[in-house]
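A.B. asks: One structure is given below, represented as structure tokens, and several questions about it will come after.
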Amino acid sequence: MSEDQNPSGDGKGQTRAQHKRNAESGNPYQSSDGGVTTTGHLWDDDLADFTNPPPKWWMLGLAVSAIWVVVYWLYYPSVPIPTSNTFFKGIGGWTAIREMDADKSEVDAVRGKYETRLKTLAPAAILADSDLTEYVKRSGKVLFGDNCAPCHGTNGVGTKDKEGLFAPVLNDDDWLYGGTIGDIYTSISGGRQGMMTAHQDSLSAQQIDDVAKYVKAMSDEGKDKADTDAAVAAGKKVFAESDCTSCHGADARGMQAMGSANLTDKIWRFDGSLEGIKHTIAYGVDSGDPKTRVAIMPSFKEAGKLSDTDIKKLAVYVYKFGGGQAEAPVAVEPAASAVPAQ
Ligand code: HEC
Ligand code: HEC
């Protein structure tokens, strides 16, 4: 800095020399033209502070923020009161719960118009409305994840244990109990429990062996080619003459009314090896035998865990996995078909 760095002489940025000069002329802290003064404090012989006031806008900002702090502090819950184990609740009555409720009612208002319609519409009617279906697919995802995915797997891919499928695949077009929207609704609402009697007493080990070979051959080679070798032919006879056909049908394709599996396809509900098939035939399904295979789909209506609207949403959601089937025209009664029993 040069000696005359501030020729205006207003006292700002005084140099040592200026300061000295000013000191000689009386007030050492005043600029030569009587301009800005200093605080009068002096450090280090000749260091001084100017007394420039801060700008007005800055002071105003300071005042406003001070007031804001007090107002905010009074309005919202602030100070804990340790003695009574509570806190100052604020004059605004704000609570996090109340704010959440307000947000929620906003969301509910948006959902409301869908939800009221869902309440009154049958699953088939929901499916027919693309707007509603879109909405239901989204809320169904959460419901499915919470209630169904533990058994059926995310997106209905099914879950397996060492016995085979623990809970069936829902995203294919193979259905034990039918794949129309009404069937699916009934499965979820009422639950399902396949029942196949154990045959270890009614059939000999040889018969079980033969009929298992026949069942496997139907799956491997197709029903019509399945009687080529002697054991398979013997099994075919057992199948026709024991009780198999009363549940699986003469064509062995299963009956949806009782969820008896289609034995002619390549889709196995349980272990599809020869040993696995023999086990199913010997001990049955949900038969009460200690070695029985277990297949229990809980009733979500009975459990009271889901509302009827939730169940409808899930029916549409599951249908939309891609395996949903249109109602067979003959089976449809105009009004009753779509409206499930309440
Ligand atoms: C405790 C495990 C479990 C849970 C939880 C469960 N399921 Fe099931 N579900 C099963 C089993 C096991 C079956 C097969 C029953 C049978 O084989 O008789 C089944 C069958 C079904 C079927 C019939 C499939 C067909 O092929 O006809 C549908 C549809 C279904 N479940 C949907 C659902 C939905 C939707 C949920 C959630 C609300 C759900 N399930 C929750 C175990 C479960
Ligand atoms: C009382 C009715 C009933 C009778 C009788 C019956 N089944 Fe079944 N069977 C079922 C049902 C229901 C299922 C499907 C269980 C499930 O998935 O919940 C089944 C499943 C099976 C399976 C397993 C299919 C798979 O995908 O894993 C085989 C194999 C089978 N039955 C063979 C037979 C044979 C062979 C006979 C005659 C000896 C027979 N069943 C008699 C009702 C019956």
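By convention here, the chains of the structure tokens are called A, B, ... in the order presented, each chain's residues are numbered starting at 1, and ligands are numbered starting at 1 in the order presented.
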Using only C-alpha atoms and all ligand atoms, which residues of the polymer chains come no farther than 8 Å from ligand 2? I'd like the answer as a PyMOL selection string.

C.D. replies: chain A and resi 164+176+192-197+199+203+208+211-212+215-216+238-239+242-248+254+258-263+267-272+277-278+280-281+284-286+294-296

A.B. asks: Could the residues in this selection be written to a file with N, CA and C atoms, as a compact mmCIF listing (two decimals), in the first residue's frame?

C.D. replies:
# COMPACT_ATOMS: atom_id res chain seq x y z
N GLY A 164 -41.54 -80.10 -4.19
CA GLY A 164 -42.02 -79.55 -5.46
C GLY A 164 -42.46 -78.12 -5.24
N LEU A 176 -55.22 -74.83 -11.35
CA LEU A 176 -55.85 -75.96 -10.66
C LEU A 176 -57.35 -75.72 -10.53
N ARG A 192 -58.16 -72.45 -0.74
CA ARG A 192 -58.27 -73.70 -1.49
C ARG A 192 -57.49 -74.77 -0.75
N GLN A 193 -57.99 -75.95 -0.82
CA GLN A 193 -57.29 -77.05 -0.19
C GLN A 193 -57.57 -78.30 -1.00
N GLY A 194 -56.62 -78.65 -1.85
CA GLY A 194 -56.79 -79.86 -2.66
C GLY A 194 -56.82 -81.08 -1.75
N MET A 195 -57.64 -82.07 -2.07
CA MET A 195 -57.67 -83.26 -1.24
C MET A 195 -57.59 -84.49 -2.12
N MET A 196 -56.53 -85.21 -1.94
CA MET A 196 -56.41 -86.49 -2.65
C MET A 196 -56.18 -87.56 -1.59
N THR A 197 -56.99 -88.60 -1.65
CA THR A 197 -56.88 -89.67 -0.66
C THR A 197 -55.55 -90.41 -0.81
N HIS A 199 -53.35 -93.79 -1.06
CA HIS A 199 -53.67 -95.09 -1.67
C HIS A 199 -52.79 -96.22 -1.18
N LEU A 203 -54.26 -99.70 -2.66
CA LEU A 203 -53.53 -100.26 -3.80
C LEU A 203 -52.28 -100.98 -3.30
N ILE A 208 -49.31 -99.31 -7.31
CA ILE A 208 -48.85 -97.90 -7.18
C ILE A 208 -47.71 -97.65 -8.16
N VAL A 211 -49.21 -97.57 -11.79
CA VAL A 211 -50.01 -96.38 -12.10
C VAL A 211 -49.14 -95.12 -12.12
N ALA A 212 -48.09 -95.13 -11.28
CA ALA A 212 -47.16 -93.98 -11.30
C ALA A 212 -46.44 -93.92 -12.65
N VAL A 215 -48.81 -92.47 -15.14
CA VAL A 215 -48.94 -91.01 -14.98
C VAL A 215 -47.72 -90.31 -15.56
N LYS A 216 -46.55 -90.86 -15.27
CA LYS A 216 -45.32 -90.23 -15.79
C LYS A 216 -45.28 -90.30 -17.32
N VAL A 238 -55.04 -99.82 -13.83
CA VAL A 238 -55.26 -99.41 -12.43
C VAL A 238 -55.95 -98.04 -12.41
N PHE A 239 -55.44 -97.17 -13.23
CA PHE A 239 -55.98 -95.80 -13.27
C PHE A 239 -57.47 -95.82 -13.59
N SER A 242 -59.38 -98.06 -10.50
CA SER A 242 -59.47 -97.58 -9.11
C SER A 242 -60.17 -96.23 -9.11
N ASP A 243 -59.97 -95.45 -8.05
CA ASP A 243 -60.76 -94.22 -7.93
C ASP A 243 -60.17 -93.00 -8.65
N CYS A 244 -59.05 -93.19 -9.36
CA CYS A 244 -58.37 -92.02 -9.95
C CYS A 244 -59.29 -91.18 -10.83
N THR A 245 -60.06 -91.87 -11.67
CA THR A 245 -60.85 -91.13 -12.65
C THR A 245 -61.97 -90.31 -11.99
N SER A 246 -62.40 -90.74 -10.80
CA SER A 246 -63.50 -89.98 -10.18
C SER A 246 -63.05 -88.58 -9.80
N CYS A 247 -61.76 -88.40 -9.58
CA CYS A 247 -61.28 -87.04 -9.26
C CYS A 247 -60.53 -86.40 -10.43
N HIS A 248 -59.73 -87.19 -11.14
CA HIS A 248 -58.92 -86.61 -12.22
C HIS A 248 -59.62 -86.64 -13.56
N GLY A 254 -57.85 -83.63 -15.04
CA GLY A 254 -58.18 -82.91 -13.81
C GLY A 254 -59.52 -82.23 -13.87
N MET A 258 -62.51 -79.47 -8.11
CA MET A 258 -61.82 -79.94 -6.91
C MET A 258 -60.31 -79.71 -6.99
N GLY A 259 -59.88 -79.01 -8.00
CA GLY A 259 -58.46 -78.67 -8.08
C GLY A 259 -57.56 -79.87 -8.30
N SER A 260 -58.13 -80.95 -8.85
CA SER A 260 -57.29 -82.13 -9.10
C SER A 260 -56.42 -81.82 -10.31
N ALA A 261 -55.15 -82.03 -10.14
CA ALA A 261 -54.20 -81.59 -11.16
C ALA A 261 -54.42 -82.29 -12.50
N ASN A 262 -54.09 -81.60 -13.56
CA ASN A 262 -54.03 -82.20 -14.89
C ASN A 262 -52.81 -83.10 -14.91
N LEU A 263 -53.03 -84.40 -15.14
CA LEU A 263 -51.91 -85.35 -15.08
C LEU A 263 -51.29 -85.57 -16.45
N ILE A 267 -46.59 -79.95 -16.35
CA ILE A 267 -46.48 -79.08 -15.19
C ILE A 267 -46.76 -79.88 -13.93
N TRP A 268 -45.78 -79.91 -13.04
CA TRP A 268 -45.92 -80.67 -11.81
C TRP A 268 -46.13 -79.76 -10.63
N ARG A 269 -47.16 -80.09 -9.90
CA ARG A 269 -47.45 -79.34 -8.68
C ARG A 269 -46.47 -79.82 -7.60
N PHE A 270 -46.30 -81.12 -7.55
CA PHE A 270 -45.36 -81.71 -6.59
C PHE A 270 -44.23 -82.35 -7.38
N ASP A 271 -43.37 -83.05 -6.65
CA ASP A 271 -42.24 -83.74 -7.26
C ASP A 271 -42.70 -84.63 -8.42
N GLY A 272 -42.20 -84.38 -9.61
CA GLY A 272 -42.66 -85.08 -10.80
C GLY A 272 -41.80 -86.26 -11.20
N ILE A 277 -43.99 -89.13 -7.75
CA ILE A 277 -45.37 -89.46 -8.14
C ILE A 277 -45.89 -90.61 -7.28
N LYS A 278 -45.02 -91.58 -7.04
CA LYS A 278 -45.43 -92.71 -6.19
C LYS A 278 -45.78 -92.21 -4.78
N THR A 280 -46.91 -89.23 -3.97
CA THR A 280 -48.21 -88.54 -3.99
C THR A 280 -49.34 -89.56 -4.00
N ILE A 281 -49.19 -90.61 -4.80
CA ILE A 281 -50.27 -91.59 -4.92
C ILE A 281 -50.42 -92.38 -3.61
N GLY A 284 -51.17 -89.34 -0.73
CA GLY A 284 -52.21 -88.37 -1.00
C GLY A 284 -51.81 -86.94 -0.76
N VAL A 285 -52.78 -86.07 -0.86
CA VAL A 285 -52.58 -84.64 -0.66
C VAL A 285 -53.58 -84.17 0.40
N ASP A 286 -53.10 -83.53 1.44
CA ASP A 286 -53.96 -83.08 2.55
C ASP A 286 -54.87 -84.23 3.00
N VAL A 294 -48.77 -81.49 1.39
CA VAL A 294 -49.62 -80.45 1.95
C VAL A 294 -49.84 -79.35 0.92
N ALA A 295 -51.08 -78.97 0.75
CA ALA A 295 -51.40 -77.89 -0.19
C ALA A 295 -52.56 -77.09 0.37
N ILE A 296 -52.22 -76.09 1.12
CA ILE A 296 -53.29 -75.30 1.75
C ILE A 296 -53.14 -73.83 1.40

A.B. asks: Extract, using only C-alpha atoms, all DNA, RNA and protein residues at most 6 Å from Thr39 of chain A, discarding same-chain residues fewer than 2 positions from it, and format them as a PyMOL selection string.

C.D. replies: chain A and resi 41+49-51

A.B. asks: Leaving out Pro123 of chain A and any residue of its chain fewer than 5 positions from it, which residues lie within 10 Å of it when counting only C-alpha atoms, given as number ranges by chain?

C.D. replies: A: 118, 128, 133, 181-182, 184-185, 309, 311-316, 338-340

A.B. asks: Keeping only C-alpha atoms, write those residues as a PDB file, in the first residue's frame.

C.D. replies:
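Saved to again21.pdb:
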ATOM      1  CA  LEU A 118     -64.351 -50.772  -6.631  1.00  0.00           C
ATOM      2  CA  ALA A 128     -63.549 -54.443 -18.150  1.00  0.00           C
ATOM      3  CA  THR A 133     -57.617 -51.928 -13.904  1.00  0.00           C
ATOM      4  CA  ILE A 181     -61.522 -63.673 -12.897  1.00  0.00           C
ATOM      5  CA  GLY A 182     -64.370 -65.229 -10.915  1.00  0.00           C
ATOM      6  CA  ILE A 184     -59.386 -66.457  -9.048  1.00  0.00           C
ATOM      7  CA  TYR A 185     -61.554 -64.299  -6.819  1.00  0.00           C
ATOM      8  CA  THR A 309     -62.282 -54.704  -2.119  1.00  0.00           C
ATOM      9  CA  ILE A 311     -59.589 -59.349  -2.596  1.00  0.00           C
ATOM     10  CA  LYS A 312     -61.135 -57.978  -5.782  1.00  0.00           C
ATOM     11  CA  LYS A 313     -57.990 -55.931  -6.398  1.00  0.00           C
ATOM     12  CA  LEU A 314     -55.848 -59.014  -5.937  1.00  0.00           C
ATOM     13  CA  ALA A 315     -58.031 -61.066  -8.251  1.00  0.00           C
ATOM     14  CA  VAL A 316     -57.549 -58.490 -10.992  1.00  0.00           C
ATOM     15  CA  ALA A 338     -69.621 -61.689 -12.385  1.00  0.00           C
ATOM     16  CA  VAL A 339     -70.960 -61.115  -8.910  1.00  0.00           C
ATOM     17  CA  PRO A 340     -69.207 -63.264  -6.362  1.00  0.00           C
TER      18      PRO A 340
END

A.B. asks: For ligand 1, which of A:Met100, A:Ala125, A:Ala231, A:Val157 is the closest residue, counting only C-alpha atoms and all ligand atoms?

C.D. replies: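 Smallest separation from ligand 1 among the options: A:Val157.
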
A.B. asks: Can you list, as a VMD selection string, all residues belonging to segment 37-253 of chain A that DSSP tags as helix (DSSP H, G or I)?

C.D. replies: chain A and resid 56 to 75 96 to 120 123 to 128 130 to 147 149 to 152 154 to 156 181 to 190 205 to 221 223 to 225 230 to 241 244 to 248
